[in-house]
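Raw contents of run_2.cif, mmCIF, C-alpha atoms:
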data_work
loop_
_atom_site.label_atom_id
_atom_site.label_comp_id
_atom_site.auth_asym_id
_atom_site.auth_seq_id
_atom_site.Cartn_x
_atom_site.Cartn_y
_atom_site.Cartn_z
CA MET A 24 13.44 134.35 -10.19
CA PRO A 25 16.05 137.12 -10.12
CA ILE A 26 19.64 136.20 -9.33
CA THR A 27 19.63 138.26 -6.13
CA ALA A 28 16.68 136.31 -4.73
CA ARG A 29 18.35 133.02 -5.61
CA LEU A 30 21.60 134.09 -3.92
CA ASP A 31 19.65 135.31 -0.89
CA GLU A 32 18.27 131.77 -0.48
CA PHE A 33 21.84 130.51 0.03
CA GLY A 34 22.73 133.37 2.37
CA LYS A 35 26.02 135.15 3.00
CA PRO A 36 28.31 132.36 1.72
CA ALA A 37 26.81 132.71 -1.77
CA TRP A 38 27.41 136.46 -1.79
CA ILE A 39 30.97 135.98 -0.56
CA ALA A 40 31.62 133.36 -3.26
CA LEU A 41 30.17 135.68 -5.94
CA THR A 42 32.39 138.52 -4.72
CA VAL A 43 35.50 136.32 -4.81
CA LEU A 44 34.62 135.00 -8.28
CA GLY A 45 34.00 138.57 -9.44
CA PHE A 46 37.46 139.61 -8.26
CA MET A 47 38.99 136.57 -9.94
CA ALA A 48 37.25 137.28 -13.25
CA TRP A 49 37.87 141.04 -13.39
CA TRP A 50 38.48 143.29 -10.37
CA PRO A 51 35.84 145.94 -11.23
CA VAL A 52 33.15 143.24 -11.24
CA GLY A 53 34.27 142.03 -7.82
CA LEU A 54 34.33 145.59 -6.52
CA ALA A 55 30.82 146.22 -7.86
CA VAL A 56 29.48 143.05 -6.23
CA LEU A 57 31.19 143.95 -2.95
CA ALA A 58 29.72 147.46 -3.00
CA PHE A 59 26.27 146.04 -3.77
CA THR A 60 26.36 143.46 -0.98
CA ILE A 61 27.50 145.96 1.63
CA GLY A 62 25.24 148.77 0.41
CA SER A 63 22.14 146.58 0.27
CA GLY A 64 22.71 145.31 3.81
CA ARG A 65 23.02 141.69 2.71
CA MET A 66 26.27 141.22 4.64
CA GLY A 67 24.89 142.69 7.83
CA CYS A 68 27.67 145.25 8.08
CA GLY A 69 26.77 148.87 7.92
CA TYR A 70 23.60 150.41 9.23
CA ARG A 71 21.56 152.44 6.79
CA GLY A 72 19.82 154.60 9.37
CA GLY A 73 21.07 158.06 8.56
CA SER A 74 21.39 160.46 11.46
CA ASP A 75 19.84 157.99 13.88
CA ARG A 76 22.94 155.78 13.75
CA TRP A 77 24.04 156.34 17.35
CA GLN A 78 20.54 155.90 18.71
CA HIS A 79 20.33 152.56 16.91
CA LYS A 80 23.62 151.48 18.46
CA MET A 81 22.50 152.57 21.93
CA ASP A 82 19.21 150.69 21.54
CA ARG A 83 21.08 147.55 20.53
CA LEU A 84 23.40 147.93 23.52
CA GLN A 85 20.43 148.41 25.84
CA ALA A 86 18.73 145.30 24.45
CA LYS A 87 21.90 143.29 25.04
CA MET A 88 22.20 144.66 28.58
CA ASP A 89 18.57 143.75 29.31
CA TRP A 90 19.10 140.25 27.94
CA MET A 91 22.25 139.82 30.03
CA ARG A 92 20.51 141.18 33.11
CA SER A 93 17.66 138.68 32.71
CA LYS A 94 20.15 135.83 32.28
CA MET A 95 22.15 136.87 35.34
CA SER A 96 19.06 137.25 37.51
CA GLY A 97 17.85 133.75 36.74
CA GLY A 98 15.09 134.92 34.39
CA GLN A 99 13.32 137.03 37.00
CA PRO A 100 12.34 140.38 35.48
CA GLY A 101 13.02 142.36 38.66
CA GLY A 102 16.21 140.58 39.57
CA SER A 103 17.15 139.41 43.02
CA PRO A 104 15.43 141.06 45.98
CA TRP A 105 18.56 141.28 48.11
CA ARG A 106 21.33 143.89 47.76
CA GLY A 107 19.10 145.94 45.42
CA SER A 108 20.92 145.09 42.20
CA PRO A 109 19.65 142.98 39.33
CA TRP A 110 23.17 141.54 39.09
CA SER A 111 23.21 140.28 42.66
CA GLY A 112 21.34 137.16 41.57
CA ALA A 113 24.35 136.12 39.48
CA PRO A 114 25.83 132.76 40.30
CA SER A 115 28.56 133.05 42.87
CA SER A 116 32.14 132.55 41.78
CA GLY A 117 32.98 131.22 45.22
CA ASN A 118 34.98 134.34 46.04
CA ARG A 119 32.89 136.83 48.00
CA ALA A 120 35.32 139.72 47.38
CA PHE A 121 35.18 139.14 43.62
CA ASP A 122 31.38 138.88 43.66
CA ASP A 123 31.15 142.21 45.50
CA TYR A 124 33.64 143.79 43.08
CA ARG A 125 31.66 142.47 40.08
CA ALA A 126 28.36 143.77 41.45
CA GLU A 127 29.91 147.19 42.21
CA THR A 128 31.58 147.42 38.79
CA LEU A 129 28.43 146.47 36.92
CA LYS A 130 26.41 149.01 38.90
CA ARG A 131 29.00 151.68 38.10
CA LEU A 132 28.87 150.75 34.40
CA GLU A 133 25.07 151.01 34.41
CA ASP A 134 25.31 154.46 36.00
CA GLU A 135 27.89 155.56 33.42
CA GLN A 136 25.68 154.24 30.62
CA ARG A 137 22.72 156.19 31.98
CA GLN A 138 24.83 159.35 32.29
CA PHE A 139 26.13 158.90 28.74
CA LYS A 140 22.62 158.51 27.35
CA ASP A 141 21.59 161.70 29.19
CA PHE A 142 24.64 163.48 27.76
CA LEU A 143 23.75 162.37 24.22
CA GLU A 144 20.19 163.60 24.72
CA ARG A 145 21.42 167.01 25.90
CA LEU A 146 23.85 167.14 22.97
CA ARG A 147 21.08 166.41 20.47
CA PHE A 148 18.88 169.06 22.08
CA ALA A 149 21.69 171.65 21.91
CA LYS A 150 22.34 170.84 18.26
CA ASP A 151 18.65 171.10 17.39
CA LYS A 152 18.38 174.39 19.27
CA THR A 153 21.43 175.79 17.47
CA GLU A 154 20.00 174.81 14.09
CA PHE A 155 16.62 176.30 14.96
CA ASP A 156 18.18 179.56 16.19
CA ALA A 157 20.21 179.81 12.98
CA PHE A 158 17.06 179.24 10.94
CA MET A 159 15.18 181.93 12.86
CA ALA A 160 18.08 184.40 12.51
CA GLU A 161 18.22 183.74 8.77
CA ARG A 162 14.49 184.21 8.53
CA ARG A 163 14.65 187.54 10.42
CA ASN A 164 17.44 188.79 8.16
CA ARG A 165 15.55 188.17 4.91
CA PRO A 166 14.63 191.26 2.89
CA ALA A 167 11.30 192.81 3.89
CA GLN A 168 9.68 192.21 0.49
CA ASP A 169 9.74 188.42 0.96
CA SER A 170 7.92 188.55 4.26
CA GLN A 171 5.17 191.07 3.25
CA PRO A 172 1.77 189.41 2.84
CA HIS A 173 -0.05 189.67 -0.45
CA ASP A 174 -3.05 192.04 -0.40
CA PRO A 175 -6.09 189.91 -1.38
CA ASN A 176 -8.28 193.03 -1.99
CA ALA A 177 -6.02 194.43 -4.69
CA ALA A 178 -7.13 194.00 -8.30
CA PRO A 179 -4.86 191.94 -10.55
CA GLY A 180 -2.05 194.08 -11.87
CA GLN A 181 -2.74 196.85 -9.33
CA ALA A 182 0.27 197.99 -7.36
CA THR A 183 -0.13 197.41 -3.63
CA GLY A 184 3.04 199.07 -2.54
CA HIS A 185 4.58 195.68 -1.88
CA ASP A 186 5.10 194.93 -5.56
CA GLN A 187 7.71 197.64 -6.04
CA PRO A 188 11.29 196.42 -6.37
CA TYR A 189 13.53 197.06 -3.41
CA GLN A 190 15.59 200.20 -3.74
CA SER A 191 18.50 200.73 -1.41
CA PRO A 192 18.80 204.14 0.23
CA PRO A 193 21.28 206.51 -1.38
CA SER A 194 24.75 206.14 0.03
CA GLN A 195 26.20 208.99 1.98
CA ASN A 196 29.83 209.26 0.88
#

Write the structure described by the file as structure tokens, please.
Amino acid sequence: MPITARLDEFGKPAWIALTVLGFMAWWPVGLAVLAFTIGSGRMGCGYRGGSDRWQHKMDRLQAKMDWMRSKMSGGQPGGSPWRGSPWSGAPSSGNRAFDDYRAETLKRLEDEQRQFKDFLERLRFAKDKTEFDAFMAERRNRPAQDSQPHDPNAAPGQATGHDQPYQSPPSQN
């Protein structure tokens, strides 16, 4: 059984202890173990998702909000039928003004979250469009010889007119 599998059986405390012992023995060993544990995801810090990092964070936030909403509404998926908010089923604090403030604030936060997600979506679309437009402009500006199709009827070695090297027009100085 490899050492990593054996340490994984003990969990994070084993990796932390190995990192500390590595630093005590010789600092480069401790640094290497620390880099390995963080890079491999064994410590749970750092998300190795590439460009989808923000989407992952937003999905986690949404999952937490859904969980909280179900807890506040007493486990009912649709929430409380009165006042139109899933948070209105929350247990009362005994202070009606505070309960109204809490419901209003949570509704405002949900609206802001929705607006932010829409903004991120528009931002991603704009970035993709910009990259695509740049690609198309680069493609249009390529020399004509690269974009000419090969003549399948031409015999091997026969010049088709497209095989000639590009010659720039004479300059007019």

Q.
For a test of reading the model, state the distance in Å between CA of Phe33 (chain A) and CA of Ala86 (chain A), rounded to one decimal.
A. 28.7 Å

(Q) Which residues are close to region 135-143 of chain A, i.e. within 10 Å by all atoms listed in the file, leaving aside same-chain residues fewer than 6 positions away? Reply as a list of chain:residue names. (A) A:Trp77, A:Gln78, A:Met81, A:Leu84, A:Gln85, A:Leu129, A:Ala149

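Taking CA of Lys35 (chain A) and CA of Leu54 (chain A) as endpoints, the distance between them is 16.4 Å.
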
How big is the axis-aligned box, and where does its centre sit, when it encloses all atoms of region 143-150 of chain A listed in the file and has 8 Å added on every side, reported in Å to one decimal as lines of an AutoDock Vina configuration file?
center_x = 21.4
center_y = 167.0
center_z = 22.1
size_x = 21.0
size_y = 25.3
size_z = 23.6

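In this structure, CA of Gly53 (chain A) sits 18.4 Å away from CA of Arg29 (chain A).
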
Q.
Taking the file as I've supplied it (selection: the PyMOL selection byres ((chain A and resi 88) around 12)), which residues are included? Please answer as a list in words.
A.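 Going through the file, the PyMOL selection byres ((chain A and resi 88) around 12) ends up selecting Met81, Asp82, Arg83, Leu84, Gln85, Ala86, Lys87, Asp89, Trp90, Met91, Arg92, Ser93, Lys94, Met95, Pro109, Trp110, Leu129, Lys130, Leu132, Glu133 and Gln136 of chain A.
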